[in-house]
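Peer 1: So I've got this file, work.cif, and it contains mmCIF, C-alpha atoms:
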```
data_run
#
loop_
_atom_site.group_PDB
_atom_site.id
_atom_site.type_symbol
_atom_site.label_atom_id
_atom_site.label_comp_id
_atom_site.auth_asym_id
_atom_site.auth_seq_id
_atom_site.Cartn_x
_atom_site.Cartn_y
_atom_site.Cartn_z
ATOM 1 C CA MET A 1 22.886 8.417 6.523
ATOM 2 C CA ARG A 2 21.626 8.916 2.954
ATOM 3 C CA VAL A 3 17.896 9.533 2.747
ATOM 4 C CA LEU A 4 15.741 9.543 -0.360
ATOM 5 C CA VAL A 5 13.430 12.511 -0.937
ATOM 6 C CA LEU A 6 10.631 12.164 -3.485
ATOM 7 C CA ASN A 7 8.476 15.099 -4.497
ATOM 8 C CA ARG A 8 5.067 15.010 -6.154
ATOM 9 C CA ARG A 9 6.466 14.734 -9.682
ATOM 10 C CA ASP A 10 8.675 11.810 -8.670
ATOM 11 C CA VAL A 11 5.777 9.947 -7.066
ATOM 12 C CA GLU A 12 3.364 10.534 -9.934
ATOM 13 C CA PHE A 13 5.944 9.404 -12.490
ATOM 14 C CA MET A 14 6.926 6.187 -10.710
ATOM 15 C CA LEU A 15 3.631 5.107 -9.103
ATOM 16 C CA THR A 16 1.316 4.249 -11.995
ATOM 17 C CA MET A 17 -2.292 3.333 -11.294
ATOM 18 C CA PRO A 18 -2.073 -0.285 -12.539
ATOM 19 C CA LYS A 19 1.031 -0.855 -10.420
ATOM 20 C CA CYS A 20 -0.580 0.761 -7.385
ATOM 21 C CA ILE A 21 -3.680 -1.425 -7.703
ATOM 22 C CA GLU A 22 -1.360 -4.442 -7.669
ATOM 23 C CA LEU A 23 0.443 -3.099 -4.586
ATOM 24 C CA MET A 24 -2.828 -2.433 -2.773
ATOM 25 C CA GLU A 25 -4.086 -5.962 -3.390
ATOM 26 C CA SER A 26 -0.889 -7.346 -1.877
ATOM 27 C CA ALA A 27 -1.047 -4.951 1.086
ATOM 28 C CA LEU A 28 -4.654 -5.840 1.912
ATOM 29 C CA VAL A 29 -3.912 -9.559 1.647
ATOM 30 C CA SER A 30 -0.909 -9.163 3.946
ATOM 31 C CA LEU A 31 -3.072 -7.295 6.461
ATOM 32 C CA SER A 32 -5.680 -10.054 6.477
ATOM 33 C CA ARG A 33 -2.985 -12.681 6.968
ATOM 34 C CA GLY A 34 -1.838 -10.985 10.161
ATOM 35 C CA GLU A 35 1.509 -9.816 8.779
ATOM 36 C CA VAL A 36 0.882 -6.157 9.613
ATOM 37 C CA ILE A 37 0.781 -4.135 12.834
ATOM 38 C CA LEU A 38 -1.694 -1.329 12.277
ATOM 39 C CA PRO A 39 -2.847 0.763 15.260
ATOM 40 C CA LEU A 40 -5.780 3.095 14.902
ATOM 41 C CA ARG A 41 -4.561 6.500 13.782
ATOM 42 C CA PRO A 42 -4.378 9.180 16.470
ATOM 43 C CA VAL A 43 -5.991 12.382 15.262
ATOM 44 C CA LEU A 44 -5.417 15.881 16.644
ATOM 45 C CA ARG A 45 -8.374 18.119 15.920
ATOM 46 C CA VAL A 46 -7.730 21.839 15.522
ATOM 47 C CA PRO A 47 -10.157 23.714 17.823
ATOM 48 C CA ASP A 48 -13.154 25.495 16.322
ATOM 49 C CA SER A 49 -12.512 24.097 12.837
ATOM 50 C CA PRO A 50 -12.926 20.937 10.716
ATOM 51 C CA ASN A 51 -9.130 20.697 10.401
ATOM 52 C CA VAL A 52 -7.107 17.750 11.677
ATOM 53 C CA PHE A 53 -3.555 16.478 11.965
ATOM 54 C CA ALA A 54 -3.190 12.693 11.795
ATOM 55 C CA LEU A 55 -0.418 10.182 12.415
ATOM 56 C CA MET A 56 -0.730 6.892 10.499
ATOM 57 C CA PRO A 57 1.921 4.314 11.516
ATOM 58 C CA ALA A 58 2.347 0.736 10.295
ATOM 59 C CA TYR A 59 4.797 -2.156 10.403
ATOM 60 C CA SER A 60 4.946 -4.874 7.740
ATOM 61 C CA ASN A 61 6.662 -8.136 8.497
ATOM 62 C CA ALA A 62 6.468 -9.120 4.833
ATOM 63 C CA LEU A 63 8.188 -5.908 3.716
ATOM 64 C CA LYS A 64 10.499 -5.664 6.750
ATOM 65 C CA ALA A 65 9.575 -2.000 6.868
ATOM 66 C CA ILE A 66 8.138 0.548 9.271
ATOM 67 C CA GLY A 67 6.528 3.758 8.139
ATOM 68 C CA THR A 68 4.214 6.544 9.022
ATOM 69 C CA LYS A 69 2.242 9.193 7.228
ATOM 70 C CA LEU A 70 2.062 12.602 8.869
ATOM 71 C CA ILE A 71 -0.778 14.499 7.289
ATOM 72 C CA THR A 72 -3.003 17.515 7.747
ATOM 73 C CA VAL A 73 -6.544 17.561 6.411
ATOM 74 C CA TYR A 74 -7.865 21.074 5.867
ATOM 75 C CA PRO A 75 -11.160 20.813 3.916
ATOM 76 C CA GLY A 76 -11.285 24.582 3.413
ATOM 77 C CA ASN A 77 -8.303 24.344 1.057
ATOM 78 C CA ARG A 78 -10.474 22.806 -1.658
ATOM 79 C CA GLY A 79 -10.669 25.159 -4.608
ATOM 80 C CA THR A 80 -7.497 27.025 -3.574
ATOM 81 C CA ALA A 81 -3.852 26.630 -4.533
ATOM 82 C CA LEU A 82 -3.407 24.309 -1.540
ATOM 83 C CA GLU A 83 -4.708 20.747 -1.336
ATOM 84 C CA SER A 84 -6.946 19.536 1.458
ATOM 85 C CA HIS A 85 -4.479 16.704 2.272
ATOM 86 C CA GLN A 86 -0.835 17.666 2.808
ATOM 87 C CA GLY A 87 2.090 15.997 4.513
ATOM 88 C CA ALA A 88 4.881 13.447 4.252
ATOM 89 C CA VAL A 89 5.332 9.691 4.286
ATOM 90 C CA LEU A 90 8.412 8.494 6.196
ATOM 91 C CA LEU A 91 9.907 5.061 5.467
ATOM 92 C CA PHE A 92 12.203 3.252 7.910
ATOM 93 C CA ASP A 93 14.162 0.029 7.656
ATOM 94 C CA GLY A 94 12.303 -2.522 9.766
ATOM 95 C CA GLU A 95 15.449 -4.429 10.696
ATOM 96 C CA ASN A 96 17.825 -1.661 11.776
ATOM 97 C CA GLY A 97 15.453 1.265 12.281
ATOM 98 C CA SER A 98 17.212 3.686 9.956
ATOM 99 C CA LEU A 99 15.291 6.374 8.104
ATOM 100 C CA LEU A 100 15.233 5.519 4.392
ATOM 101 C CA ALA A 101 12.981 8.054 2.716
ATOM 102 C CA MET A 102 10.679 11.071 2.940
ATOM 103 C CA MET A 103 7.985 11.379 0.296
ATOM 104 C CA ASP A 104 5.153 13.691 -0.671
ATOM 105 C CA ALA A 105 2.034 12.374 1.057
ATOM 106 C CA ALA A 106 -0.586 14.164 -1.040
ATOM 107 C CA SER A 107 0.341 12.383 -4.263
ATOM 108 C CA ILE A 108 0.690 8.979 -2.589
ATOM 109 C CA THR A 109 -2.676 9.464 -0.880
ATOM 110 C CA ALA A 110 -4.385 10.503 -4.099
ATOM 111 C CA ILE A 111 -3.129 7.502 -6.054
ATOM 112 C CA ARG A 112 -3.371 4.747 -3.431
ATOM 113 C CA THR A 113 -6.850 5.771 -2.250
ATOM 114 C CA ALA A 114 -8.196 5.459 -5.783
ATOM 115 C CA ALA A 115 -6.230 2.245 -6.320
ATOM 116 C CA VAL A 116 -7.952 0.612 -3.319
ATOM 117 C CA SER A 117 -11.305 1.651 -4.794
ATOM 118 C CA GLY A 118 -10.074 -0.044 -7.961
ATOM 119 C CA VAL A 119 -9.459 -3.250 -6.008
ATOM 120 C CA ALA A 120 -12.972 -3.028 -4.547
ATOM 121 C CA THR A 121 -14.548 -2.318 -7.916
ATOM 122 C CA ARG A 122 -12.778 -5.265 -9.518
ATOM 123 C CA LEU A 123 -14.195 -7.500 -6.757
ATOM 124 C CA LEU A 124 -17.674 -6.024 -6.411
ATOM 125 C CA ALA A 125 -18.880 -4.233 -9.549
ATOM 126 C CA ARG A 126 -20.723 -6.063 -12.289
ATOM 127 C CA THR A 127 -18.398 -7.102 -15.099
ATOM 128 C CA ASN A 128 -20.589 -5.292 -17.650
ATOM 129 C CA ALA A 129 -20.619 -1.984 -15.740
ATOM 130 C CA ALA A 130 -20.723 0.783 -18.339
ATOM 131 C CA THR A 131 -21.671 4.061 -16.626
ATOM 132 C CA LEU A 132 -19.418 5.565 -13.971
ATOM 133 C CA VAL A 133 -20.589 8.429 -11.755
ATOM 134 C CA ILE A 134 -18.194 10.579 -9.764
ATOM 135 C CA LEU A 135 -19.672 12.751 -7.005
ATOM 136 C CA GLY A 136 -17.040 15.383 -6.248
ATOM 137 C CA ALA A 137 -14.563 17.208 -8.447
ATOM 138 C CA GLY A 138 -11.317 17.432 -6.486
ATOM 139 C CA VAL A 139 -8.050 15.515 -6.775
ATOM 140 C CA GLN A 140 -9.699 12.195 -5.917
ATOM 141 C CA ALA A 141 -12.183 12.599 -8.760
ATOM 142 C CA ARG A 142 -9.380 12.467 -11.319
ATOM 143 C CA THR A 143 -7.475 9.590 -9.733
ATOM 144 C CA HIS A 144 -10.684 7.608 -9.256
ATOM 145 C CA ILE A 145 -11.462 7.952 -12.942
ATOM 146 C CA ASP A 146 -7.983 6.540 -13.645
ATOM 147 C CA ALA A 147 -8.555 3.638 -11.247
ATOM 148 C CA MET A 148 -12.052 2.810 -12.441
ATOM 149 C CA LEU A 149 -10.975 2.710 -16.082
ATOM 150 C CA ALA A 150 -8.091 0.421 -15.104
ATOM 151 C CA VAL A 151 -10.520 -2.266 -13.863
ATOM 152 C CA ARG A 152 -13.707 -1.825 -15.914
ATOM 153 C CA PRO A 153 -14.306 -0.684 -19.537
ATOM 154 C CA PHE A 154 -16.654 2.195 -18.753
ATOM 155 C CA THR A 155 -18.111 3.877 -21.823
ATOM 156 C CA LYS A 156 -19.633 6.920 -20.096
ATOM 157 C CA ILE A 157 -18.613 9.056 -17.115
ATOM 158 C CA LEU A 158 -20.843 11.573 -15.334
ATOM 159 C CA VAL A 159 -19.312 14.031 -12.876
ATOM 160 C CA TRP A 160 -21.330 16.021 -10.349
ATOM 161 C CA SER A 161 -20.129 18.743 -8.015
ATOM 162 C CA ARG A 162 -21.716 21.565 -6.083
ATOM 163 C CA THR A 163 -19.362 23.713 -8.186
ATOM 164 C CA PRO A 164 -20.476 22.987 -11.775
ATOM 165 C CA GLU A 165 -17.408 24.489 -13.430
ATOM 166 C CA GLN A 166 -15.180 22.082 -11.496
ATOM 167 C CA ALA A 167 -17.321 19.148 -12.622
ATOM 168 C CA ARG A 168 -16.989 20.310 -16.225
ATOM 169 C CA ALA A 169 -13.202 20.578 -15.812
ATOM 170 C CA VAL A 170 -12.939 17.009 -14.471
ATOM 171 C CA ALA A 171 -15.106 15.707 -17.320
ATOM 172 C CA GLU A 172 -12.971 17.531 -19.891
ATOM 173 C CA ASP A 173 -9.832 16.097 -18.310
ATOM 174 C CA ALA A 174 -11.293 12.576 -18.592
ATOM 175 C CA ARG A 175 -12.122 13.127 -22.258
ATOM 176 C CA GLN A 176 -8.654 14.443 -23.007
ATOM 177 C CA ARG A 177 -6.645 11.832 -21.098
ATOM 178 C CA HIS A 178 -8.775 8.737 -21.648
ATOM 179 C CA GLY A 179 -10.801 9.413 -24.796
ATOM 180 C CA VAL A 180 -13.989 8.399 -22.983
ATOM 181 C CA GLU A 181 -17.392 10.068 -23.161
ATOM 182 C CA ALA A 182 -17.612 12.283 -20.080
ATOM 183 C CA GLU A 183 -19.815 15.189 -19.057
ATOM 184 C CA ALA A 184 -20.954 17.171 -16.038
ATOM 185 C CA ALA A 185 -24.226 15.956 -14.535
ATOM 186 C CA LYS A 186 -27.084 18.341 -13.862
ATOM 187 C CA SER A 187 -27.800 16.790 -10.480
ATOM 188 C CA ALA A 188 -26.486 14.039 -8.254
ATOM 189 C CA ALA A 189 -29.868 12.323 -8.347
ATOM 190 C CA ASP A 190 -29.986 12.198 -12.146
ATOM 191 C CA ALA A 191 -26.450 10.845 -12.331
ATOM 192 C CA VAL A 192 -26.757 8.200 -9.609
ATOM 193 C CA SER A 193 -30.047 6.892 -11.026
ATOM 194 C CA VAL A 194 -28.255 5.646 -14.166
ATOM 195 C CA ALA A 195 -24.955 4.626 -12.547
ATOM 196 C CA ASP A 196 -23.426 1.164 -12.560
ATOM 197 C CA VAL A 197 -20.617 2.378 -10.275
ATOM 198 C CA VAL A 198 -20.642 5.495 -8.064
ATOM 199 C CA CYS A 199 -17.587 6.987 -6.356
ATOM 200 C CA THR A 200 -18.298 9.581 -3.659
ATOM 201 C CA VAL A 201 -15.159 11.702 -3.274
ATOM 202 C CA THR A 202 -16.476 14.878 -1.651
ATOM 203 C CA ALA A 203 -15.730 16.912 1.450
ATOM 204 C CA ALA A 204 -19.392 16.710 2.464
ATOM 205 C CA ARG A 205 -20.377 16.166 6.086
ATOM 206 C CA GLU A 206 -24.007 15.423 5.190
ATOM 207 C CA PRO A 207 -25.245 12.926 2.567
ATOM 208 C CA VAL A 208 -24.806 13.692 -1.116
ATOM 209 C CA LEU A 209 -26.061 10.241 -2.198
ATOM 210 C CA ARG A 210 -29.492 8.922 -1.258
ATOM 211 C CA GLY A 211 -30.508 5.305 -1.311
ATOM 212 C CA GLU A 212 -33.734 5.988 -3.199
ATOM 213 C CA TRP A 213 -31.660 7.012 -6.241
ATOM 214 C CA LEU A 214 -29.792 3.715 -6.565
ATOM 215 C CA LYS A 215 -30.792 1.173 -9.187
ATOM 216 C CA PRO A 216 -30.308 -2.569 -8.566
ATOM 217 C CA GLY A 217 -26.800 -3.812 -9.262
ATOM 218 C CA THR A 218 -24.998 -0.568 -8.459
ATOM 219 C CA HIS A 219 -21.622 -0.631 -6.749
ATOM 220 C CA ILE A 220 -20.577 2.305 -4.514
ATOM 221 C CA ASN A 221 -17.107 3.372 -3.421
ATOM 222 C CA ALA A 222 -17.636 5.754 -0.477
ATOM 223 C CA VAL A 223 -14.352 7.600 0.001
ATOM 224 C CA GLY A 224 -14.662 11.208 1.112
ATOM 225 C CA ALA A 225 -15.855 10.995 4.744
ATOM 226 C CA SER A 226 -13.352 9.668 7.288
ATOM 227 C CA ILE A 227 -14.587 10.769 10.727
ATOM 228 C CA PRO A 228 -17.484 9.455 12.849
ATOM 229 C CA THR A 229 -19.589 12.601 12.485
ATOM 230 C CA ALA A 230 -19.439 12.989 8.685
ATOM 231 C CA ARG A 231 -21.022 10.927 5.931
ATOM 232 C CA GLU A 232 -21.645 11.075 2.184
ATOM 233 C CA LEU A 233 -24.341 8.361 2.065
ATOM 234 C CA ASP A 234 -27.734 8.512 3.726
ATOM 235 C CA THR A 235 -28.980 5.680 5.914
ATOM 236 C CA GLU A 236 -31.169 4.189 3.193
ATOM 237 C CA ALA A 237 -28.207 3.820 0.826
ATOM 238 C CA VAL A 238 -26.253 1.938 3.481
ATOM 239 C CA ARG A 239 -29.257 -0.157 4.513
ATOM 240 C CA ARG A 240 -29.836 -1.313 0.946
ATOM 241 C CA ALA A 241 -26.214 -2.301 0.358
ATOM 242 C CA ARG A 242 -24.032 -5.327 1.049
ATOM 243 C CA ILE A 243 -21.115 -3.713 2.908
ATOM 244 C CA PHE A 244 -17.362 -4.258 2.555
ATOM 245 C CA VAL A 245 -14.579 -2.244 4.205
ATOM 246 C CA ASP A 246 -10.815 -1.893 4.118
ATOM 247 C CA ARG A 247 -10.644 -2.873 7.806
ATOM 248 C CA ARG A 248 -13.441 -3.576 10.293
ATOM 249 C CA GLU A 249 -11.712 -2.035 13.328
ATOM 250 C CA SER A 250 -11.136 1.230 11.510
ATOM 251 C CA ALA A 251 -14.641 1.303 10.046
ATOM 252 C CA LEU A 252 -16.319 0.714 13.406
ATOM 253 C CA ASN A 253 -14.313 3.516 15.006
ATOM 254 C CA GLU A 254 -14.073 6.112 12.243
ATOM 255 C CA ALA A 255 -16.634 5.677 9.452
ATOM 256 C CA GLY A 256 -19.595 7.996 9.894
ATOM 257 C CA ASP A 257 -21.180 6.465 6.780
ATOM 258 C CA LEU A 258 -21.607 3.272 8.838
ATOM 259 C CA LEU A 259 -21.598 4.506 12.438
ATOM 260 C CA ILE A 260 -24.535 6.876 12.003
ATOM 261 C CA PRO A 261 -26.858 4.169 10.564
ATOM 262 C CA ILE A 262 -25.679 1.826 13.343
ATOM 263 C CA GLN A 263 -26.538 4.478 15.960
ATOM 264 C CA GLU A 264 -29.939 4.924 14.318
ATOM 265 C CA GLY A 265 -30.587 1.186 14.546
ATOM 266 C CA ALA A 266 -30.906 0.815 10.777
ATOM 267 C CA ILE A 267 -28.050 -1.691 10.530
ATOM 268 C CA ALA A 268 -25.956 -3.687 12.989
ATOM 269 C CA ALA A 269 -22.180 -3.769 13.215
ATOM 270 C CA ASP A 270 -22.230 -7.267 11.760
ATOM 271 C CA ALA A 271 -23.733 -5.888 8.556
ATOM 272 C CA ILE A 272 -20.116 -5.590 7.382
ATOM 273 C CA VAL A 273 -19.635 -8.678 5.226
ATOM 274 C CA ALA A 274 -15.846 -8.664 5.025
ATOM 275 C CA ASP A 275 -12.629 -6.725 4.705
ATOM 276 C CA LEU A 276 -11.436 -6.615 1.099
ATOM 277 C CA GLY A 277 -8.298 -8.510 2.107
ATOM 278 C CA GLU A 278 -10.350 -11.357 3.573
ATOM 279 C CA ARG A 279 -12.173 -11.795 0.298
ATOM 280 C CA LEU A 280 -8.937 -11.592 -1.681
ATOM 281 C CA VAL A 281 -7.374 -14.289 0.515
ATOM 282 C CA SER A 282 -10.370 -16.597 0.256
ATOM 283 C CA GLY A 283 -10.708 -16.124 -3.480
ATOM 284 C CA GLY A 284 -14.462 -16.209 -3.043
ATOM 285 C CA THR A 285 -16.950 -14.354 -5.198
ATOM 286 C CA ALA A 286 -17.780 -11.040 -3.581
ATOM 287 C CA ARG A 287 -20.864 -10.240 -5.653
ATOM 288 C CA ARG A 288 -23.639 -12.811 -5.262
ATOM 289 C CA ASN A 289 -25.883 -11.703 -8.144
ATOM 290 C CA GLU A 290 -26.440 -8.955 -10.706
ATOM 291 C CA GLU A 291 -29.158 -7.204 -8.711
ATOM 292 C CA GLU A 292 -27.585 -6.584 -5.319
ATOM 293 C CA ILE A 293 -26.197 -3.174 -4.363
ATOM 294 C CA THR A 294 -22.652 -3.342 -3.026
ATOM 295 C CA LEU A 295 -20.809 -0.763 -0.947
ATOM 296 C CA PHE A 296 -17.113 -0.395 -0.240
ATOM 297 C CA LYS A 297 -16.474 2.020 2.626
ATOM 298 C CA SER A 298 -12.926 3.332 2.325
ATOM 299 C CA LEU A 299 -11.041 5.013 5.152
ATOM 300 C CA GLY A 300 -7.438 4.644 3.999
ATOM 301 C CA LEU A 301 -4.887 2.586 5.912
ATOM 302 C CA ALA A 302 -1.271 3.216 6.832
ATOM 303 C CA ILE A 303 -0.231 -0.126 5.315
ATOM 304 C CA GLU A 304 -1.298 1.267 1.945
ATOM 305 C CA ASP A 305 1.061 4.228 2.326
ATOM 306 C CA LEU A 306 3.834 1.951 3.583
ATOM 307 C CA ALA A 307 3.472 -0.393 0.619
ATOM 308 C CA CYS A 308 3.700 2.537 -1.797
ATOM 309 C CA ALA A 309 6.723 4.017 -0.008
ATOM 310 C CA HIS A 310 8.525 0.665 0.043
ATOM 311 C CA PHE A 311 7.962 0.208 -3.686
ATOM 312 C CA LEU A 312 8.997 3.774 -4.519
ATOM 313 C CA HIS A 313 12.194 3.500 -2.461
ATOM 314 C CA GLY A 314 13.159 0.290 -4.250
ATOM 315 C CA ARG A 315 12.470 1.725 -7.667
ATOM 316 C CA ALA A 316 14.339 4.960 -6.933
ATOM 317 C CA LYS A 317 17.381 2.956 -5.817
ATOM 318 C CA ALA A 318 17.246 0.839 -8.964
ATOM 319 C CA ASP A 319 16.756 3.810 -11.307
ATOM 320 C CA GLY A 320 18.968 6.327 -9.519
ATOM 321 C CA SER A 321 15.997 8.681 -9.420
ATOM 322 C CA GLY A 322 14.794 11.083 -6.751
ATOM 323 C CA THR A 323 16.941 13.276 -4.554
ATOM 324 C CA TRP A 324 19.362 11.732 -2.041
ATOM 325 C CA VAL A 325 20.490 13.795 0.917
ATOM 326 C CA ASP A 326 22.832 13.238 3.859
ATOM 327 C CA LEU A 327 21.301 13.723 7.296
#
```
Once you've parsed the file, please lay out its structure as structure tokens.
Peer 2:
Amino acid sequence: MRVLVLNRRDVEFMLTMPKCIELMESALVSLSRGEVILPLRPVLRVPDSPNVFALMPAYSNALKAIGTKLITVYPGNRGTALESHQGAVLLFDGENGSLLAMMDAASITAIRTAAVSGVATRLLARTNAATLVILGAGVQARTHIDAMLAVRPFTKILVWSRTPEQARAVAEDARQRHGVEAEAAKSAADAVSVADVVCTVTAAREPVLRGEWLKPGTHINAVGASIPTARELDTEAVRRARIFVDRRESALNEAGDLLIPIQEGAIAADAIVADLGERLVSGGTARRNEEEITLFKSLGLAIEDLACAHFLHGRAKADGSGTWVDL
């Protein structure tokens, strides 16, 4: 059995942001059409720590593929030589069950997570959005800048982090790679108050974005928190927003940004307007007017990893790239 192995460099070279946004749209549509089996991810929590090990399996009838992402999330790795998200994506043939590929999960996660935010922003942000705010300065900050610029012509980017030097580094990277005006923000409040689009990509367990800071018409991509007890947005921010998710079942089991306001009685579970895929299938207008605040709560879905792995395997076969090993 010959198995493809793709490392980080392979993934980053072959999986461009525009292509990944296209793949994520297709994956979310397929999910909404009932072509995907997607169980809730089992999570093993390491005792006396915020660290977790997660298994994310999926089957796609459209792709005739099965896959899973095996990943550890160690928030304490931020700012070190190790990433907070590490692991592997395994791709299997859906018809005969054979293992086809093993790929670096960190790079796939970084790109596809931002790409889904790109899909949401294309659907929900005002077409004239000009100022982008990034709260957080890790890997997802950089890939979200790539994704946001792929769907909207932002003219200014503000980056805030609790570690100012990291915010300055992300802003400098944006200037160098995209030629866009970018700078570190003095405070999250100052940045959010002028934002047309905000991406929260932090490791925070308590809110870093408050609803009182938001101006009418803002779109939010809430990305960083993925467990029921952690959130990046306060209750007022969620209460003021029209809410969209990647998948209702996941959001109502895992998204602290939504579950905590629901527990407080500030919103009801039916405050979720739609999954992104539902709106893509219907072709309806997601934003109703220029004044409403919209929120996309992202958790990340195994079908997104599977779609990326399927594409990468096909391209590697066509190009003769990657490393092929006999097992």
Peer 1: Check the smallest atom-to-atom distance from each of A:Lys317, A:Lys297, A:Arg9, A:His85 to Ala54 of chain A using all atoms listed in the file, then report the winner.
Peer 2: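 The answer is A:His85, which sits nearest to Ala54 of chain A.
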Peer 1: Have a look at atom CA of Ile111 of chain A and atom CA of Thr16 of chain A and let me know their distance in Å, one decimal.
Peer 2: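 Computing the Euclidean distance for atom CA of Ile111 of chain A and atom CA of Thr16 of chain A yields 8.1 Å.
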Peer 1: Applied to this file, what does the PyMOL selection byres ((chain A and resi 217) around 8) return in terms of residues, put as a ChimeraX atom specification?
Peer 2: /A:125-126,196,215-216,218-219,290-294
Peer 1: Return as JSON lines the residues of segment 84-152 of chain A lying at most 12 Å from segment 237-249 of chain A, together with the closest atom-to-atom pair for each and the distance in Å to one decimal, counting all atoms listed in the file, with rows in chain order and ascending residue number.
Peer 2:
```
{"residue": "A:Thr113", "atom": "CA", "partner": "A:Asp246", "partner_atom": "CA", "distance": 10.7}
{"residue": "A:Val116", "atom": "CA", "partner": "A:Asp246", "partner_atom": "CA", "distance": 8.4}
{"residue": "A:Ser117", "atom": "CA", "partner": "A:Asp246", "partner_atom": "CA", "distance": 9.6}
{"residue": "A:Val119", "atom": "CA", "partner": "A:Asp246", "partner_atom": "CA", "distance": 10.3}
{"residue": "A:Ala120", "atom": "CA", "partner": "A:Phe244", "partner_atom": "CA", "distance": 8.4}
{"residue": "A:Thr121", "atom": "CA", "partner": "A:Phe244", "partner_atom": "CA", "distance": 11.0}
{"residue": "A:Leu123", "atom": "CA", "partner": "A:Phe244", "partner_atom": "CA", "distance": 10.4}
{"residue": "A:Leu124", "atom": "CA", "partner": "A:Phe244", "partner_atom": "CA", "distance": 9.1}
{"residue": "A:Ala125", "atom": "CA", "partner": "A:Arg242", "partner_atom": "CA", "distance": 11.8}
```
Peer 1: Please write the residues picked by the PyMOL selection byres ((chain A and resi 221-236) around 7) on this file as a ChimeraX atom specification.
Peer 2: /A:117,198-211,219-220,237-240,254-257,259,261,295-299
Peer 1: List the neighbours of Thr109 of chain A out to 12 Å using all atoms listed in the file; skip same-chain residues closer than 3 positions along the sequence, and give me the result as a ChimeraX atom specification.
Peer 2: /A:8,11-12,15,20,56,69-73,83-89,103-106,112-116,139-140,143-144,223,299-309
Peer 1: How far is it from atom CA of Ala62 of chain A to atom CA of Ile108 of chain A, in Å with one decimal?
Peer 2: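 If I compute the distance from atom CA of Ala62 of chain A to atom CA of Ile108 of chain A, I get 20.4 Å.
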